[in-house]
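The file start07.cif contains mmCIF, C-alpha atoms:
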data_work
loop_
_atom_site.group_PDB
_atom_site.id
_atom_site.type_symbol
_atom_site.label_atom_id
_atom_site.label_comp_id
_atom_site.auth_asym_id
_atom_site.auth_seq_id
_atom_site.Cartn_x
_atom_site.Cartn_y
_atom_site.Cartn_z
ATOM 1 C CA MET X 28 16.042 2.717 21.944
ATOM 2 C CA CYS X 29 12.601 4.338 22.293
ATOM 3 C CA HIS X 30 13.124 6.370 19.129
ATOM 4 C CA LEU X 31 14.417 3.343 17.247
ATOM 5 C CA ARG X 32 11.465 1.249 18.417
ATOM 6 C CA LYS X 33 8.987 3.831 17.225
ATOM 7 C CA THR X 34 10.599 4.405 13.869
ATOM 8 C CA ALA X 35 11.214 0.708 13.345
ATOM 9 C CA LEU X 36 7.592 -0.172 13.937
ATOM 10 C CA ALA X 37 6.551 2.508 11.505
ATOM 11 C CA ALA X 38 9.210 1.551 9.006
ATOM 12 C CA ALA X 39 7.961 -1.996 9.023
ATOM 13 C CA ALA X 40 5.021 -0.813 7.005
ATOM 14 C CA CYS X 41 6.946 1.139 4.425
ATOM 15 C CA VAL X 42 4.986 -0.625 1.672
ATOM 16 C CA LEU X 43 1.980 -1.228 0.188
ATOM 17 C CA SER X 44 -1.339 -2.502 -0.628
ATOM 18 C CA LEU X 45 -0.952 -3.917 -4.129
ATOM 19 C CA ALA X 46 -3.750 -4.591 -6.602
ATOM 20 C CA TRP X 47 -3.036 -7.829 -8.470
ATOM 21 C CA THR X 48 -6.450 -7.843 -10.224
ATOM 22 C CA GLN X 49 -9.359 -5.480 -9.813
ATOM 23 C CA SER X 50 -11.795 -8.384 -9.597
ATOM 24 C CA ALA X 51 -9.816 -9.895 -6.748
ATOM 25 C CA ARG X 52 -9.125 -6.685 -4.892
ATOM 26 C CA SER X 53 -12.096 -4.451 -5.586
ATOM 27 C CA SER X 54 -10.742 -0.912 -5.906
ATOM 28 C CA ASP X 55 -7.984 -0.759 -3.254
ATOM 29 C CA ILE X 56 -5.670 2.196 -3.854
ATOM 30 C CA THR X 57 -1.961 1.355 -3.957
ATOM 31 C CA PHE X 58 -0.216 1.777 -0.565
ATOM 32 C CA ALA X 59 -3.609 2.249 1.116
ATOM 33 C CA VAL X 60 -2.384 0.225 4.118
ATOM 34 C CA ILE X 61 0.120 2.794 5.412
ATOM 35 C CA GLY X 62 -0.410 4.430 8.790
ATOM 36 C CA PRO X 63 1.051 7.200 10.970
ATOM 37 C CA HIS X 64 4.879 7.297 11.325
ATOM 38 C CA GLU X 65 5.029 5.064 8.258
ATOM 39 C CA TYR X 66 8.167 6.753 6.970
ATOM 40 C CA ASP X 67 9.641 7.952 10.294
ATOM 41 C CA LEU X 68 12.765 5.893 9.598
ATOM 42 C CA PRO X 69 16.113 5.674 11.440
ATOM 43 C CA VAL X 70 19.675 5.930 10.091
ATOM 44 C CA ASN X 71 22.994 4.593 11.459
ATOM 45 C CA PHE X 72 21.319 1.735 13.361
ATOM 46 C CA ASP X 73 22.100 -1.897 14.133
ATOM 47 C CA PRO X 74 20.370 -4.415 11.813
ATOM 48 C CA PHE X 75 16.925 -5.649 12.876
ATOM 49 C CA ASN X 76 14.000 -7.608 11.432
ATOM 50 C CA VAL X 77 10.264 -6.976 11.240
ATOM 51 C CA LEU X 78 7.238 -9.180 10.583
ATOM 52 C CA VAL X 79 4.032 -7.434 9.530
ATOM 53 C CA GLN X 80 0.554 -8.855 8.974
ATOM 54 C CA TYR X 81 -1.822 -6.601 7.061
ATOM 55 C CA GLY X 82 -5.517 -7.333 6.655
ATOM 56 C CA ASP X 83 -8.352 -5.450 5.010
ATOM 57 C CA GLY X 84 -11.946 -6.077 4.069
ATOM 58 C CA ASN X 85 -13.943 -4.104 1.517
ATOM 59 C CA ALA X 86 -17.740 -4.228 1.110
ATOM 60 C CA ALA X 87 -18.201 -2.505 -2.257
ATOM 61 C CA GLY X 88 -21.975 -2.347 -2.661
ATOM 62 C CA ASN X 89 -21.698 0.432 -5.246
ATOM 63 C CA ALA X 90 -19.430 1.636 -8.035
ATOM 64 C CA TYR X 91 -18.609 4.888 -9.805
ATOM 65 C CA ASP X 92 -19.467 5.103 -13.513
ATOM 66 C CA GLY X 93 -17.594 7.051 -16.190
ATOM 67 C CA SER X 94 -19.413 10.261 -15.246
ATOM 68 C CA GLY X 95 -18.519 9.968 -11.570
ATOM 69 C CA ASN X 96 -22.001 8.916 -10.471
ATOM 70 C CA ARG X 97 -22.265 6.422 -7.606
ATOM 71 C CA VAL X 98 -24.480 3.582 -8.840
ATOM 72 C CA PRO X 99 -25.632 0.317 -7.167
ATOM 73 C CA LYS X 100 -23.733 -2.257 -9.230
ATOM 74 C CA ASP X 101 -20.625 -4.471 -9.211
ATOM 75 C CA GLY X 102 -21.175 -5.356 -5.564
ATOM 76 C CA SER X 103 -18.515 -7.528 -3.932
ATOM 77 C CA HIS X 104 -16.925 -8.431 -0.616
ATOM 78 C CA THR X 105 -13.168 -8.965 -0.520
ATOM 79 C CA TRP X 106 -10.841 -9.923 2.322
ATOM 80 C CA THR X 107 -7.121 -9.591 1.770
ATOM 81 C CA GLY X 108 -3.950 -10.327 3.696
ATOM 82 C CA LEU X 109 -0.345 -9.285 3.137
ATOM 83 C CA THR X 110 2.316 -11.118 5.152
ATOM 84 C CA LYS X 111 5.637 -9.292 5.060
ATOM 85 C CA TYR X 112 9.177 -9.924 6.265
ATOM 86 C CA VAL X 113 11.583 -6.945 6.299
ATOM 87 C CA HIS X 114 15.292 -6.774 7.073
ATOM 88 C CA PHE X 115 16.526 -3.285 8.034
ATOM 89 C CA ARG X 116 20.184 -2.359 8.021
ATOM 90 C CA SER X 117 22.679 0.446 7.477
ATOM 91 C CA PHE X 118 26.276 0.256 6.217
ATOM 92 C CA ASP X 119 29.362 1.926 7.708
ATOM 93 C CA ALA X 120 30.557 2.660 4.170
ATOM 94 C CA ILE X 121 27.329 4.616 3.456
ATOM 95 C CA PRO X 122 26.710 6.705 6.584
ATOM 96 C CA ASN X 123 23.421 8.478 7.347
ATOM 97 C CA VAL X 124 21.454 6.297 4.909
ATOM 98 C CA GLY X 125 19.064 3.462 5.838
ATOM 99 C CA PHE X 126 18.043 0.442 3.775
ATOM 100 C CA ALA X 127 15.226 -2.116 3.887
ATOM 101 C CA PHE X 128 14.889 -5.406 2.004
ATOM 102 C CA GLU X 129 11.381 -6.866 1.899
ATOM 103 C CA LEU X 130 9.444 -9.952 0.837
ATOM 104 C CA ILE X 131 5.631 -9.938 0.796
ATOM 105 C CA GLN X 132 3.140 -12.752 0.180
ATOM 106 C CA ALA X 133 -0.456 -11.850 -0.673
ATOM 107 C CA SER X 134 -3.617 -13.840 -0.004
ATOM 108 C CA SER X 135 -7.295 -13.046 -0.534
ATOM 109 C CA TYR X 136 -10.869 -14.269 -0.449
ATOM 110 C CA VAL X 137 -13.551 -12.901 -2.784
ATOM 111 C CA LEU X 138 -17.349 -13.087 -2.667
ATOM 112 C CA ALA X 139 -18.870 -11.539 -5.815
ATOM 113 C CA ASN X 140 -21.454 -12.239 -8.522
ATOM 114 C CA GLY X 141 -22.662 -15.384 -6.772
ATOM 115 C CA GLN X 142 -19.163 -16.866 -6.659
ATOM 116 C CA SER X 143 -16.616 -17.247 -3.876
ATOM 117 C CA TYR X 144 -12.967 -18.199 -4.090
ATOM 118 C CA GLY X 145 -9.685 -17.601 -2.304
ATOM 119 C CA GLY X 146 -6.018 -18.483 -2.177
ATOM 120 C CA LEU X 147 -2.523 -17.066 -2.432
ATOM 121 C CA GLY X 148 -1.869 -14.154 -4.739
ATOM 122 C CA THR X 149 1.308 -12.523 -5.969
ATOM 123 C CA THR X 150 4.739 -12.601 -4.312
ATOM 124 C CA ILE X 151 6.373 -9.167 -4.013
ATOM 125 C CA PRO X 152 10.089 -8.519 -3.339
ATOM 126 C CA GLY X 153 11.122 -4.920 -2.648
ATOM 127 C CA PHE X 154 13.805 -2.466 -1.612
ATOM 128 C CA ALA X 155 13.819 0.964 0.076
ATOM 129 C CA ALA X 156 16.478 3.578 0.876
ATOM 130 C CA TRP X 157 16.244 6.877 2.745
ATOM 131 C CA PHE X 158 18.152 9.665 4.494
ATOM 132 C CA LYS X 159 17.278 12.331 7.072
ATOM 133 C CA PRO X 160 17.699 15.987 5.962
ATOM 134 C CA ASN X 161 17.416 16.838 9.674
ATOM 135 C CA ALA X 162 16.522 15.144 12.963
ATOM 136 C CA HIS X 163 12.785 15.620 12.398
ATOM 137 C CA SER X 164 12.370 14.579 8.753
ATOM 138 C CA THR X 165 12.938 11.676 6.369
ATOM 139 C CA PHE X 166 13.080 11.472 2.564
ATOM 140 C CA GLY X 167 13.637 8.436 0.363
ATOM 141 C CA PHE X 168 12.271 6.048 -2.243
ATOM 142 C CA GLN X 169 11.009 2.482 -2.461
ATOM 143 C CA THR X 170 10.555 0.088 -5.356
ATOM 144 C CA PHE X 171 8.793 -3.283 -5.648
ATOM 145 C CA MET X 172 8.288 -5.909 -8.333
ATOM 146 C CA GLU X 173 4.946 -7.703 -8.343
ATOM 147 C CA SER X 174 5.137 -11.220 -9.771
ATOM 148 C CA PRO X 175 2.441 -12.668 -12.081
ATOM 149 C CA SER X 176 1.906 -15.663 -9.780
ATOM 150 C CA GLY X 177 -1.174 -16.869 -7.916
ATOM 151 C CA THR X 178 -2.765 -20.155 -6.875
ATOM 152 C CA ARG X 179 -5.832 -19.245 -8.993
ATOM 153 C CA ASP X 180 -6.065 -17.344 -12.282
ATOM 154 C CA ALA X 181 -8.470 -14.859 -10.690
ATOM 155 C CA LEU X 182 -5.903 -14.045 -7.985
ATOM 156 C CA ALA X 183 -2.891 -13.694 -10.311
ATOM 157 C CA SER X 184 -1.964 -10.583 -12.272
ATOM 158 C CA HIS X 185 -0.423 -12.583 -15.174
ATOM 159 C CA GLU X 186 2.157 -9.822 -15.646
ATOM 160 C CA TRP X 187 5.245 -8.297 -14.028
ATOM 161 C CA THR X 188 4.543 -4.893 -12.468
ATOM 162 C CA ASN X 189 6.881 -2.346 -10.904
ATOM 163 C CA ILE X 190 5.676 0.007 -8.141
ATOM 164 C CA THR X 191 8.047 2.862 -7.266
ATOM 165 C CA SER X 192 7.424 5.897 -5.077
ATOM 166 C CA PHE X 193 9.077 8.731 -3.207
ATOM 167 C CA LEU X 194 8.392 8.906 0.533
ATOM 168 C CA PHE X 195 8.630 11.581 3.200
ATOM 169 C CA ASP X 196 7.968 12.149 6.899
ATOM 170 C CA TYR X 197 8.026 15.136 9.242
ATOM 171 C CA GLU X 198 7.696 14.887 13.019
ATOM 172 C CA TRP X 199 6.506 17.619 15.397
ATOM 173 C CA LYS X 200 6.266 17.244 19.173
ATOM 174 C CA HIS X 201 2.553 16.335 19.101
ATOM 175 C CA PHE X 202 1.882 15.615 15.410
ATOM 176 C CA SER X 203 3.285 13.639 12.488
ATOM 177 C CA PHE X 204 2.856 13.941 8.719
ATOM 178 C CA ASP X 205 3.734 11.097 6.335
ATOM 179 C CA GLY X 206 3.225 10.709 2.626
ATOM 180 C CA ASP X 207 4.268 9.196 -0.661
ATOM 181 C CA LEU X 208 3.882 9.852 -4.379
ATOM 182 C CA GLY X 209 4.467 7.113 -6.913
ATOM 183 C CA ALA X 210 3.631 5.235 -10.088
ATOM 184 C CA THR X 211 2.772 1.680 -11.082
ATOM 185 C CA VAL X 212 4.151 0.458 -14.422
ATOM 186 C CA THR X 213 3.416 -2.903 -16.001
ATOM 187 C CA ALA X 214 6.558 -4.364 -17.561
ATOM 188 C CA THR X 215 4.763 -6.918 -19.749
ATOM 189 C CA SER X 216 1.482 -7.245 -21.588
ATOM 190 C CA GLN X 217 -1.165 -9.645 -20.354
ATOM 191 C CA HIS X 218 -1.495 -12.757 -22.510
ATOM 192 C CA LEU X 219 -4.210 -15.305 -21.712
ATOM 193 C CA ARG X 220 -4.870 -18.351 -23.856
ATOM 194 C CA LEU X 221 -7.563 -17.794 -26.528
ATOM 195 C CA GLN X 222 -8.056 -14.181 -25.370
ATOM 196 C CA HIS X 223 -6.906 -10.764 -26.521
ATOM 197 C CA SER X 224 -3.561 -9.354 -25.391
ATOM 198 C CA TYR X 225 -3.882 -6.333 -23.084
ATOM 199 C CA THR X 226 -1.507 -3.718 -21.694
ATOM 200 C CA PRO X 227 -2.783 -2.177 -18.427
ATOM 201 C CA GLY X 228 -2.636 1.595 -18.047
ATOM 202 C CA ARG X 229 -0.047 3.308 -15.903
ATOM 203 C CA SER X 230 -1.209 4.301 -12.394
ATOM 204 C CA PHE X 231 -0.210 7.298 -10.304
ATOM 205 C CA PHE X 232 -1.005 7.415 -6.596
ATOM 206 C CA SER X 233 -0.482 9.374 -3.388
ATOM 207 C CA ASN X 234 -1.131 8.582 0.270
ATOM 208 C CA LEU X 235 -1.040 11.113 3.117
ATOM 209 C CA ARG X 236 -1.328 10.474 6.862
ATOM 210 C CA PHE X 237 -1.661 13.148 9.556
ATOM 211 C CA GLY X 238 -1.352 11.799 13.097
ATOM 212 C CA TRP X 239 -1.856 13.236 16.579
ATOM 213 C CA LYS X 240 0.437 11.887 19.323
ATOM 214 C CA ALA X 241 -2.318 11.866 21.919
ATOM 215 C CA SER X 242 -0.377 9.638 24.324
ATOM 216 C CA PRO X 243 2.506 7.144 24.304
ATOM 217 C CA LEU X 244 -0.110 4.411 23.789
ATOM 218 C CA MET X 245 -2.628 5.867 21.312
ATOM 219 C CA GLU X 246 -2.200 7.935 18.148
ATOM 220 C CA PRO X 247 -5.365 8.845 16.172
ATOM 221 C CA PHE X 248 -4.843 9.849 12.523
ATOM 222 C CA PHE X 249 -6.538 11.014 9.327
ATOM 223 C CA ALA X 250 -5.880 9.425 5.923
ATOM 224 C CA PHE X 251 -6.067 10.632 2.328
ATOM 225 C CA ASP X 252 -5.590 8.235 -0.618
ATOM 226 C CA TRP X 253 -5.688 9.057 -4.348
ATOM 227 C CA GLN X 254 -5.109 7.012 -7.472
ATOM 228 C CA ASN X 255 -5.465 7.687 -11.195
ATOM 229 C CA THR X 256 -5.108 4.838 -13.718
ATOM 230 C CA GLY X 257 -4.859 5.106 -17.484
ATOM 231 C CA GLY X 258 -6.993 3.065 -19.856
ATOM 232 C CA ILE X 259 -6.309 -0.577 -20.787
ATOM 233 C CA TYR X 260 -4.914 -0.972 -24.325
ATOM 234 C CA ASP X 261 -6.196 -3.891 -26.433
ATOM 235 C CA ASN X 262 -3.104 -4.961 -28.392
ATOM 236 C CA THR X 263 -5.148 -7.347 -30.539
ATOM 237 C CA LEU X 264 -7.529 -4.634 -31.766
ATOM 238 C CA SER X 265 -5.005 -1.771 -31.476
ATOM 239 C CA ARG X 266 -7.318 0.422 -29.423
ATOM 240 C CA TYR X 267 -8.142 1.340 -25.828
ATOM 241 C CA VAL X 268 -10.890 -0.518 -23.988
ATOM 242 C CA ALA X 269 -13.884 1.782 -23.395
ATOM 243 C CA ASP X 270 -14.295 3.106 -19.834
ATOM 244 C CA SER X 271 -11.169 1.295 -18.623
ATOM 245 C CA ASN X 272 -9.467 4.357 -17.139
ATOM 246 C CA ALA X 273 -10.133 4.874 -13.428
ATOM 247 C CA ARG X 274 -9.743 7.412 -10.643
ATOM 248 C CA GLU X 275 -10.553 7.363 -6.941
ATOM 249 C CA VAL X 276 -10.192 9.526 -3.837
ATOM 250 C CA ALA X 277 -10.765 7.991 -0.393
ATOM 251 C CA LEU X 278 -10.723 9.533 3.090
ATOM 252 C CA GLY X 279 -10.372 7.679 6.359
ATOM 253 C CA THR X 280 -9.653 7.824 10.056
ATOM 254 C CA GLY X 281 -7.976 5.395 12.413
ATOM 255 C CA ILE X 282 -5.876 4.844 15.495
ATOM 256 C CA MET X 283 -2.466 3.327 16.170
ATOM 257 C CA PHE X 284 -1.774 1.476 19.436
ATOM 258 C CA ASN X 285 1.855 1.178 20.579
ATOM 259 C CA LEU X 286 1.436 -2.108 22.447
ATOM 260 C CA SER X 287 5.064 -2.543 23.542
ATOM 261 C CA LYS X 288 8.615 -1.739 22.529
ATOM 262 C CA LYS X 289 8.373 -4.452 19.880
ATOM 263 C CA SER X 290 4.780 -4.426 18.661
ATOM 264 C CA SER X 291 1.970 -2.167 17.461
ATOM 265 C CA LEU X 292 -1.588 -2.467 16.164
ATOM 266 C CA THR X 293 -3.234 -0.036 13.716
ATOM 267 C CA LEU X 294 -6.960 0.080 12.859
ATOM 268 C CA ARG X 295 -8.588 2.286 10.195
ATOM 269 C CA TYR X 296 -11.805 2.785 8.229
ATOM 270 C CA ALA X 297 -11.873 4.456 4.785
ATOM 271 C CA HIS X 298 -14.534 5.358 2.217
ATOM 272 C CA SER X 299 -14.481 6.774 -1.307
ATOM 273 C CA VAL X 300 -15.547 10.390 -1.753
ATOM 274 C CA GLU X 301 -15.026 10.560 -5.527
ATOM 275 C CA GLY X 302 -14.331 8.149 -8.385
ATOM 276 C CA ARG X 303 -14.544 7.171 -12.050
ATOM 277 C CA ASN X 304 -14.993 3.626 -13.424
ATOM 278 C CA VAL X 305 -14.101 1.942 -10.131
ATOM 279 C CA PRO X 306 -15.873 0.040 -7.324
ATOM 280 C CA GLU X 307 -16.207 2.160 -4.201
ATOM 281 C CA THR X 308 -13.901 1.801 -1.231
ATOM 282 C CA ASN X 309 -15.872 0.944 1.910
ATOM 283 C CA ALA X 310 -13.095 -0.724 3.807
ATOM 284 C CA TYR X 311 -11.497 -1.442 7.168
ATOM 285 C CA TYR X 312 -7.758 -1.991 7.592
ATOM 286 C CA VAL X 313 -5.789 -3.841 10.269
ATOM 287 C CA LYS X 314 -2.007 -3.938 10.674
ATOM 288 C CA PHE X 315 0.013 -5.818 13.295
ATOM 289 C CA VAL X 316 3.782 -5.282 13.576
ATOM 290 C CA TYR X 317 6.411 -7.245 15.509
ATOM 291 C CA LEU X 318 10.159 -6.549 15.450
ATOM 292 C CA TRP X 319 13.223 -8.312 16.732
#

Let me see the structure of the file written as structure tokens.
Amino acid sequence: MCHLRKTALAAAACVLSLAWTQSARSSDITFAVIGPHEYDLPVNFDPFNVLVQYGDGNAAGNAYDGSGNRVPKDGSHTWTGLTKYVHFRSFDAIPNVGFAFELIQASSYVLANGQSYGGLGTTIPGFAAWFKPNAHSTFGFQTFMESPSGTRDALASHEWTNITSFLFDYEWKHFSFDGDLGATVTATSQHLRLQHSYTPGRSFFSNLRFGWKASPLMEPFFAFDWQNTGGIYDNTLSRYVADSNAREVALGTGIMFNLSKKSSLTLRYAHSVEGRNVPETNAYYVKFVYLW
């Protein structure tokens, strides 16, 4: 039960921080919300459910230009929440494989350029599957479809987007190492009334977490996040938008608290160390998990 509790709490966060619009989310690298033991997942278990509340705030007082210089522009403050329900189960007909079915609702508040607004963003259904090559490791994949919805135009993506990644985990006695590698592909072009039609560039991302099992209660960890996004294509003019490609690397540190057999709290701070054509990450992350 102790092992299942630990892996279940970690598994509850086996997704993502999704960017529905850059203006609404600042930079925010995909899957930036993950923490230690994120992919330390069980197999051959009884079904259970998880509720996760993610929150993050980013104070982007600077941005990176096309040459990688950090310049004081495009300042903004964003606060974002992701509320997620996950159902975990395995099947007798498919032994030694675990599955998760997820539904996520996004919300955000933005303060930028003298304006402030907030509301509900995209709705994100998803699916994950994994197996354990041995007792200490996990390997699998996850895929999600981001809807174009939102209560405000500025909070909606206006396009269907698929986010798919491979995931892995390895557990030592006193340390853990989790990671993923994936891509974001937009399935449709963006069409807004009386505006040009655009196709967003494809994004590739990776997130790595190295944790130290300091005690049964506290687990400090280091975080590495990377994302590279191709340029936006203007379908109306048949050319790429200048300086629309982006890249960012962010490092962070945090701590995970195992509050009980059914709940955990994770806190983290992260900051950009390198970028191109993107607002800086200067963000804090909070994640609360409850399972039943």

Around (-1.3, 1.8, 9.4) in the file's own coordinates, what residues are found within 7 Å if you use all atoms listed in the file, given back as a PyMOL selection string?
chain X and resi 60-63+293-294+314

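Using all atoms listed in the file, the shortest contact distance between Ala90 in chain X and any of X:Ser103, X:Asn234, X:Ser164, X:Thr256 is found at X:Ser103.
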
Could you tell me, as a PyMOL selection string, exactly which residues end up selected when the PyMOL selection byres ((chain X and resi 165) around 7) is applied to this structure?
chain X and resi 66-68+157-160+164+166-167+195-197

Using only C-alpha atoms, which residues sit within 6 Å of His298 in chain X once same-chain residues fewer than 2 positions away are excluded, as a VMD selection string?
chain X and resid 277 to 278 308 to 309

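Every polymer residue reaching to within 10 Å of (1.5, -10.9, 4.7), counting all atoms listed in the file, appears in this list: Leu78, Val79, Gln80, Tyr81, Gly82, Thr107, Gly108, Leu109, Thr110, Lys111, Tyr112, Leu130, Ile131, Gln132, Ala133, Ser134, Thr150 and Lys314 of chain X.
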
What does the distance from CA of Gly146 in chain X to CA of Thr178 in chain X come to in Å, to one decimal?
6.0 Å

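Considering the residues X:Ser135, X:Pro227, X:His104, X:Asn71 and counting only C-alpha atoms, Arg116 in chain X has its shortest atom-to-atom contact with X:Asn71.
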
One decimal, Å: what's the distance from CA of Thr280 in chain X over to CA of Asp205 in chain X, could you say?
14.3 Å

What does the PyMOL selection byres ((chain X and resi 296) around 10) select in this file, as JSON, numbers by chain?
{"X": [83, 84, 85, 249, 250, 278, 279, 280, 281, 282, 294, 295, 297, 298, 308, 309, 310, 311, 312, 313]}

Residues from the last selection, C-alpha atoms, saved as a compact mmCIF listing (two decimals), in the coordinates of the input:
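Written file, out-v7.txt:
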# COMPACT_ATOMS: atom_id res chain seq x y z
CA ASP X 83 -8.35 -5.45 5.01
CA GLY X 84 -11.95 -6.08 4.07
CA ASN X 85 -13.94 -4.10 1.52
CA PHE X 249 -6.54 11.01 9.33
CA ALA X 250 -5.88 9.43 5.92
CA LEU X 278 -10.72 9.53 3.09
CA GLY X 279 -10.37 7.68 6.36
CA THR X 280 -9.65 7.82 10.06
CA GLY X 281 -7.98 5.40 12.41
CA ILE X 282 -5.88 4.84 15.50
CA LEU X 294 -6.96 0.08 12.86
CA ARG X 295 -8.59 2.29 10.20
CA ALA X 297 -11.87 4.46 4.78
CA HIS X 298 -14.53 5.36 2.22
CA THR X 308 -13.90 1.80 -1.23
CA ASN X 309 -15.87 0.94 1.91
CA ALA X 310 -13.10 -0.72 3.81
CA TYR X 311 -11.50 -1.44 7.17
CA TYR X 312 -7.76 -1.99 7.59
CA VAL X 313 -5.79 -3.84 10.27

Quick one, how far is CA of Asp180 in chain X from CA of Gly145 in chain X?
10.6 Å
